[in-house]
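Following: one structure in structure tokens, then a few remarks.
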Amino acid sequence: MRTSRRSRIRAASAAAVTLALGCTALAALPSTAGAAAAGGLVVQYRTSASGATADRSEPWLKVRNTGSASVPLSDVKVRYYFKGDSASAAYRFACSWAVKGCGNITGTFKSLPNPTATADRYLEIGFTSGAGSLAPGADTGDMQLRFHRADWQTLGQSDDYSFGAERNTYGDWPKVTAQLGSVTAWGEAPGGGDPTDPTDPPTDPPADGPTLFDDFDYSGHTDPRIAANGWSVRSNSGGPGVPGAVWAPENVTFSGQSGNAVMNLETSTAGTGASTVQTEILTQSTKFRNGTYAARVKFSDAPRSGPDGDHLVQTFFTINDLKAPMADDYAEYDFEYLPNGGWGEPSNILYTTSWETYRPDPWEAVNQHSEARQSYAGWHDLVVTIDDSAITYYIDGQLFGTHGAQYLPERPMSINFNQWLIDLEGQSSTTPRSYDQQVDYVLHVKDQVLSPAQVSALVAGYRAAGTAFEDTVPGA
């Protein structure tokens with residue numbers, strides 16, 4: 001985040017495009033069975049974890065449109081049925097890779113109202129609008145999905161309704177159902193009935209680890225409590241952003257909105273480097289590593305004043321310093337929203353990126369990213385969790401992307417918010433304009449992976465108690 005990002009994201013995007021194109025032929029394999037779905041859909045299934053017991057279940061799926069009309073994937077739900085290892089067992093979903101993009105696939109565990117000997121719950125796979133539609137005859141391509149017990153104990157799957165140990169290649173599988181709207185378009189649920197949609201009651205323990213919470217209830221950028229609470233409002237020069245730009249502490253302001261304190265980061269320009277003012281606030285300490293990070297952030301598609309079009313970046317991220325080119329103890333985990341595109345993108349796009357390392361000159365990067373090309377204007381709940389196996393990103397309670405163990409942090413990091421301009425190529429006008437990014441709160445719970453629902457409950461608890469700030473996270 002503190003270095004130039006144009007080639008960094010382009011490199012990641014190019015790799016993702018290459019991977020997707022390389023798997024297109026495999027994704028287009030024809031159905032192996034002749035029966036067409038009554039509702040125009042067929043689900044194909046295979047597993048890459050065929051043991052009676054396993055560290056994780058791996059239902060790999062494809063959905064094919066066998067009808068004559070295009071089907072929006074956001075209207076489709078796919079259900080994989082299984083029997084929990086115990087009544088209290090909780091599970092975690094992840095997407096390893098998908099032609100449609102893991103950021104466009106969601107996974108939710110739900111309970112069957114009428115359990116059977118082989119199923120008392122199911123994993124429901126959904127799609128965001130970013131997944132697009134299926135034309136007649138088309139399929140989703142590979143969706144390499146997995147789930148595991150929240151406590152990482154071995155799970156049993158030989159008695160699971162939807163599991164097929166022998167299914168090592170894709171084939172039609174009616175034991176996984178597909179819903180098109182409210183209609184079952186493919187397959188048969190256990191017991192012959194369609195499930196209702198109650199979610200599992202929460203089974204995870206409440207957060208009780210060392211925690212940072214800040215409601216950003218300050219009077220202004222000179223409020224002494226900002227530094228006392230461990231924050232630094234940036235004033236030093238340097239990247240990222242437009243050469244010649246300054247970082248202005250006075251452009252970080254605070255106000256009350258709907259009963260909450262809100263921080264505003266204002267970035268402005270009149271089309272030159274010398275007129276460009278950027279903003280950043282970060283923790284003074286690099287003491288944050290594994291656990292849960294969350295913030296409620298308002299992204300903006302349009303400027304507060306002046307003409308639109310600048311290549312703006314609005315962020316929430318964690319980072320440590322690059323000690324040497326390609327140093328393997330570098331770490332960075334980003335939410336980055338580009339309302340007007342940039343880095344070769346023509347319009348709004350949201351990235352989440354996990355960094356292993358990079359070399360600035362000549363450029364070389366090792367990272368993994370997820371993306372969604374759509375507007376994210378407005379308030380959004382951003383959550384990223386880091387444990388010993390993966391980095392998982394959520395937006396508004398929905399899974400956005402899961403990145404592999406290769407990108408886990410080796411050293412602690414700081415927590416940062418900033419808003420800056422990639423370049424001045426998006427808008428050539430010399431008319432002054434300004435953009436706002438707002439932040440409602442930030443939360444970190446050390447060494448605990450919380451669900452988005454647990455994050456919301458924890459924040460609500462702080463506010464109900466009148467707690468505007470707490471930091472019990474020990475120093476690094």
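Note on naming: chains are A, B, ... as they come in the structure tokens, residues start from 1 per chain, ligands start from 1 in the order shown.
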Ala245 (chain A) environment, 9 Å, only C-alpha atoms, sequence neighbours closer than 4 positions dropped, as an mmCIF file with all heavy atoms, in the first residue's frame:
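result-v8.cif, freshly written:
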```cif
data_model
loop_
_atom_site.group_PDB
_atom_site.id
_atom_site.type_symbol
_atom_site.label_atom_id
_atom_site.label_comp_id
_atom_site.auth_asym_id
_atom_site.auth_seq_id
_atom_site.Cartn_x
_atom_site.Cartn_y
_atom_site.Cartn_z
ATOM 1 N N SER A 237 5.668 12.768 3.503
ATOM 2 C CA SER A 237 5.522 12.627 2.058
ATOM 3 C C SER A 237 5.869 11.208 1.623
ATOM 4 O O SER A 237 6.348 10.385 2.403
ATOM 5 C CB SER A 237 6.428 13.623 1.335
ATOM 6 O OG SER A 237 7.791 13.370 1.664
ATOM 7 N N GLY A 238 5.638 10.943 0.336
ATOM 8 C CA GLY A 238 5.963 9.635 -0.221
ATOM 9 C C GLY A 238 4.738 8.929 -0.753
ATOM 10 O O GLY A 238 3.615 9.415 -0.672
ATOM 11 N N GLY A 239 4.991 7.720 -1.320
ATOM 12 C CA GLY A 239 3.929 6.958 -1.942
ATOM 13 C C GLY A 239 3.024 6.286 -0.931
ATOM 14 O O GLY A 239 3.284 6.312 0.266
ATOM 15 N N GLY A 241 0.586 6.892 -4.647
ATOM 16 C CA GLY A 241 -0.193 7.990 -5.186
ATOM 17 C C GLY A 241 0.546 8.868 -6.166
ATOM 18 O O GLY A 241 1.613 8.521 -6.681
ATOM 19 N N THR A 269 -8.022 17.208 -5.441
ATOM 20 C CA THR A 269 -7.038 17.551 -6.456
ATOM 21 C C THR A 269 -7.626 18.592 -7.393
ATOM 22 O O THR A 269 -8.850 18.732 -7.484
ATOM 23 C CB THR A 269 -6.607 16.310 -7.271
ATOM 24 O OG1 THR A 269 -5.518 16.643 -8.133
ATOM 25 C CG2 THR A 269 -7.761 15.768 -8.112
ATOM 26 N N THR A 272 -3.276 18.451 -10.760
ATOM 27 C CA THR A 272 -1.813 18.461 -10.758
ATOM 28 C C THR A 272 -1.315 17.774 -9.494
ATOM 29 O O THR A 272 -2.041 17.670 -8.493
ATOM 30 C CB THR A 272 -1.254 19.894 -10.789
ATOM 31 O OG1 THR A 272 -1.617 20.560 -9.573
ATOM 32 C CG2 THR A 272 -1.799 20.664 -11.981
ATOM 33 N N GLY A 273 -0.057 17.325 -9.540
ATOM 34 C CA GLY A 273 0.520 16.715 -8.355
ATOM 35 C C GLY A 273 0.575 17.674 -7.190
ATOM 36 O O GLY A 273 0.269 17.313 -6.050
ATOM 37 N N ALA A 274 0.938 18.926 -7.468
ATOM 38 C CA ALA A 274 1.081 19.914 -6.404
ATOM 39 C C ALA A 274 -0.253 20.249 -5.745
ATOM 40 O O ALA A 274 -0.275 20.666 -4.575
ATOM 41 C CB ALA A 274 1.719 21.186 -6.962
ATOM 42 N N SER A 275 -1.357 20.055 -6.471
ATOM 43 C CA SER A 275 -2.672 20.380 -5.900
ATOM 44 C C SER A 275 -3.346 19.162 -5.260
ATOM 45 O O SER A 275 -4.456 19.280 -4.734
ATOM 46 C CB SER A 275 -3.598 20.935 -6.990
ATOM 47 O OG SER A 275 -3.911 19.931 -7.953
ATOM 48 N N THR A 276 -2.698 18.016 -5.284
ATOM 49 C CA THR A 276 -3.322 16.784 -4.808
ATOM 50 C C THR A 276 -3.048 16.582 -3.319
ATOM 51 O O THR A 276 -1.896 16.630 -2.877
ATOM 52 C CB THR A 276 -2.811 15.577 -5.606
ATOM 53 O OG1 THR A 276 -3.111 15.766 -6.995
ATOM 54 C CG2 THR A 276 -3.462 14.286 -5.112
ATOM 55 N N VAL A 277 -4.123 16.351 -2.570
ATOM 56 C CA VAL A 277 -4.045 16.141 -1.122
ATOM 57 C C VAL A 277 -4.660 14.786 -0.804
ATOM 58 O O VAL A 277 -5.820 14.537 -1.137
ATOM 59 C CB VAL A 277 -4.778 17.260 -0.353
ATOM 60 C CG1 VAL A 277 -4.734 16.993 1.141
ATOM 61 C CG2 VAL A 277 -4.171 18.619 -0.677
ATOM 62 N N GLN A 278 -3.899 13.907 -0.167
ATOM 63 C CA GLN A 278 -4.330 12.552 0.153
ATOM 64 C C GLN A 278 -4.391 12.380 1.675
ATOM 65 O O GLN A 278 -3.871 13.218 2.420
ATOM 66 C CB GLN A 278 -3.385 11.531 -0.483
ATOM 67 C CG GLN A 278 -3.255 11.739 -1.984
ATOM 68 C CD GLN A 278 -2.278 10.799 -2.686
ATOM 69 O OE1 GLN A 278 -2.523 10.352 -3.779
ATOM 70 N NE2 GLN A 278 -1.161 10.509 -2.037
#
```
Open item on the list: I want to know what sits within 8 Å of Trp60 (chain A), based on only C-alpha atoms, with residues of the same chain fewer than 6 positions away left out; could you give that as a VMD selection string?
Closed with: chain A and resid 45 to 48 142 to 146
Open item on the list: When you look at Arg92 (chain A) with a cut-off of 9 Å (counting only C-alpha atoms), what residues show up, excluding the ones that are within fewer than 5 positions of it in the same chain? I need them as a PyMOL selection string.
Closed with: chain A and resi 107-109+146-150
Output of the above residues as a tab-separated table (two decimals), in the first residue's frame, restricted to all heavy atoms:
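Result went into selection.tsv, see below:
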```tsv
chain	number	residue	atom	x	y	z
A	107	GLY	N	-21.24	-19.42	0.60
A	107	GLY	CA	-21.55	-20.71	1.20
A	107	GLY	C	-22.13	-20.50	2.60
A	107	GLY	O	-21.52	-19.82	3.42
A	108	THR	N	-23.29	-21.08	2.87
A	108	THR	CA	-23.98	-20.92	4.14
A	108	THR	C	-24.47	-22.29	4.62
A	108	THR	O	-25.02	-23.06	3.83
A	108	THR	CB	-25.19	-19.99	4.01
A	108	THR	OG1	-24.77	-18.76	3.41
A	108	THR	CG2	-25.81	-19.69	5.36
A	109	PHE	N	-24.28	-22.57	5.91
A	109	PHE	CA	-24.75	-23.83	6.48
A	109	PHE	C	-26.14	-23.63	7.08
A	109	PHE	O	-26.38	-22.68	7.82
A	109	PHE	CB	-23.77	-24.33	7.54
A	109	PHE	CG	-22.43	-24.69	6.98
A	109	PHE	CD1	-21.36	-23.81	7.07
A	109	PHE	CD2	-22.23	-25.91	6.35
A	109	PHE	CE1	-20.12	-24.13	6.54
A	109	PHE	CE2	-20.99	-26.25	5.81
A	109	PHE	CZ	-19.94	-25.35	5.91
A	146	ARG	N	-14.88	-26.42	-0.52
A	146	ARG	CA	-14.50	-27.28	0.60
A	146	ARG	C	-15.14	-26.76	1.88
A	146	ARG	O	-15.53	-25.60	1.95
A	146	ARG	CB	-12.98	-27.33	0.77
A	146	ARG	CG	-12.33	-26.03	1.21
A	146	ARG	CD	-10.81	-26.15	1.30
A	146	ARG	NE	-10.20	-25.03	1.97
A	146	ARG	CZ	-9.79	-23.93	1.37
A	146	ARG	NH1	-9.93	-23.80	0.07
A	146	ARG	NH2	-9.22	-22.96	2.07
A	147	PHE	N	-15.27	-27.64	2.86
A	147	PHE	CA	-15.64	-27.20	4.20
A	147	PHE	C	-15.01	-28.11	5.23
A	147	PHE	O	-14.65	-29.25	4.94
A	147	PHE	CB	-17.17	-27.10	4.36
A	147	PHE	CG	-17.93	-28.41	4.27
A	147	PHE	CD1	-18.17	-29.17	5.41
A	147	PHE	CD2	-18.43	-28.85	3.05
A	147	PHE	CE1	-18.89	-30.36	5.33
A	147	PHE	CE2	-19.16	-30.03	2.97
A	147	PHE	CZ	-19.39	-30.79	4.11
A	148	HIS	N	-14.84	-27.58	6.43
A	148	HIS	CA	-14.18	-28.33	7.50
A	148	HIS	C	-14.83	-27.98	8.82
A	148	HIS	O	-15.57	-26.99	8.94
A	148	HIS	CB	-12.68	-28.01	7.54
A	148	HIS	CG	-12.37	-26.57	7.84
A	148	HIS	ND1	-12.32	-26.05	9.10
A	148	HIS	CD2	-12.12	-25.52	7.01
A	148	HIS	CE1	-12.03	-24.77	9.07
A	148	HIS	NE2	-11.90	-24.41	7.80
A	149	ARG	N	-14.56	-28.79	9.83
A	149	ARG	CA	-15.06	-28.48	11.15
A	149	ARG	C	-14.35	-27.24	11.69
A	149	ARG	O	-13.16	-27.03	11.46
A	149	ARG	CB	-14.85	-29.67	12.09
A	149	ARG	CG	-15.81	-30.80	11.84
A	149	ARG	CD	-15.64	-31.95	12.80
A	149	ARG	NE	-15.69	-31.55	14.22
A	149	ARG	CZ	-15.91	-32.39	15.22
A	149	ARG	NH1	-16.10	-33.69	14.95
A	149	ARG	NH2	-15.93	-31.97	16.45
A	150	ALA	N	-15.09	-26.42	12.41
A	150	ALA	CA	-14.51	-25.19	12.95
A	150	ALA	C	-13.38	-25.48	13.92
A	150	ALA	O	-12.45	-24.66	14.07
A	150	ALA	CB	-15.60	-24.36	13.64
```
- [ ] Using CA of Gly220 (chain A) and CA of Lys298 (chain A) as the two end points, give the distance in Å to one decimal.
- [x] 19.0 Å
Using only C-alpha atoms, what table do you get, as CSV, when you list each residue of region 291-395 of chain A with an atom no more than 12 Å from region 430-433 of chain A, its nearest pair of atoms, and their distance in Å rounded to one decimal, rows by chain then rising number?
```
residue,atom,partner,partner_atom,distance
A:Ala302,CA,A:Arg433,CA,10.1
A:Pro303,CA,A:Arg433,CA,6.6
A:Arg304,CA,A:Arg433,CA,7.4
A:Ser305,CA,A:Arg433,CA,5.2
A:Gly306,CA,A:Arg433,CA,4.1
A:Pro307,CA,A:Arg433,CA,6.2
A:Asp308,CA,A:Arg433,CA,7.7
A:Gly309,CA,A:Arg433,CA,10.0
A:Asp310,CA,A:Arg433,CA,9.2
A:Leu312,CA,A:Arg433,CA,11.8
```
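Residues surrounding Thr177 (chain A) within 7 Å are Val78, Arg79, Pro174, Trp186, Gly187, Glu188 and Ala189 of chain A [only C-alpha atoms; sequence separation below 3 positions excluded].
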Task: Among listed residues A:Phe213, A:Phe288, A:Phe93, A:Trp173, nearest Tyr462 (chain A) (using only C-alpha atoms) - done: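 Ranked by minimum distance to Tyr462 (chain A), first place goes to A:Phe213.
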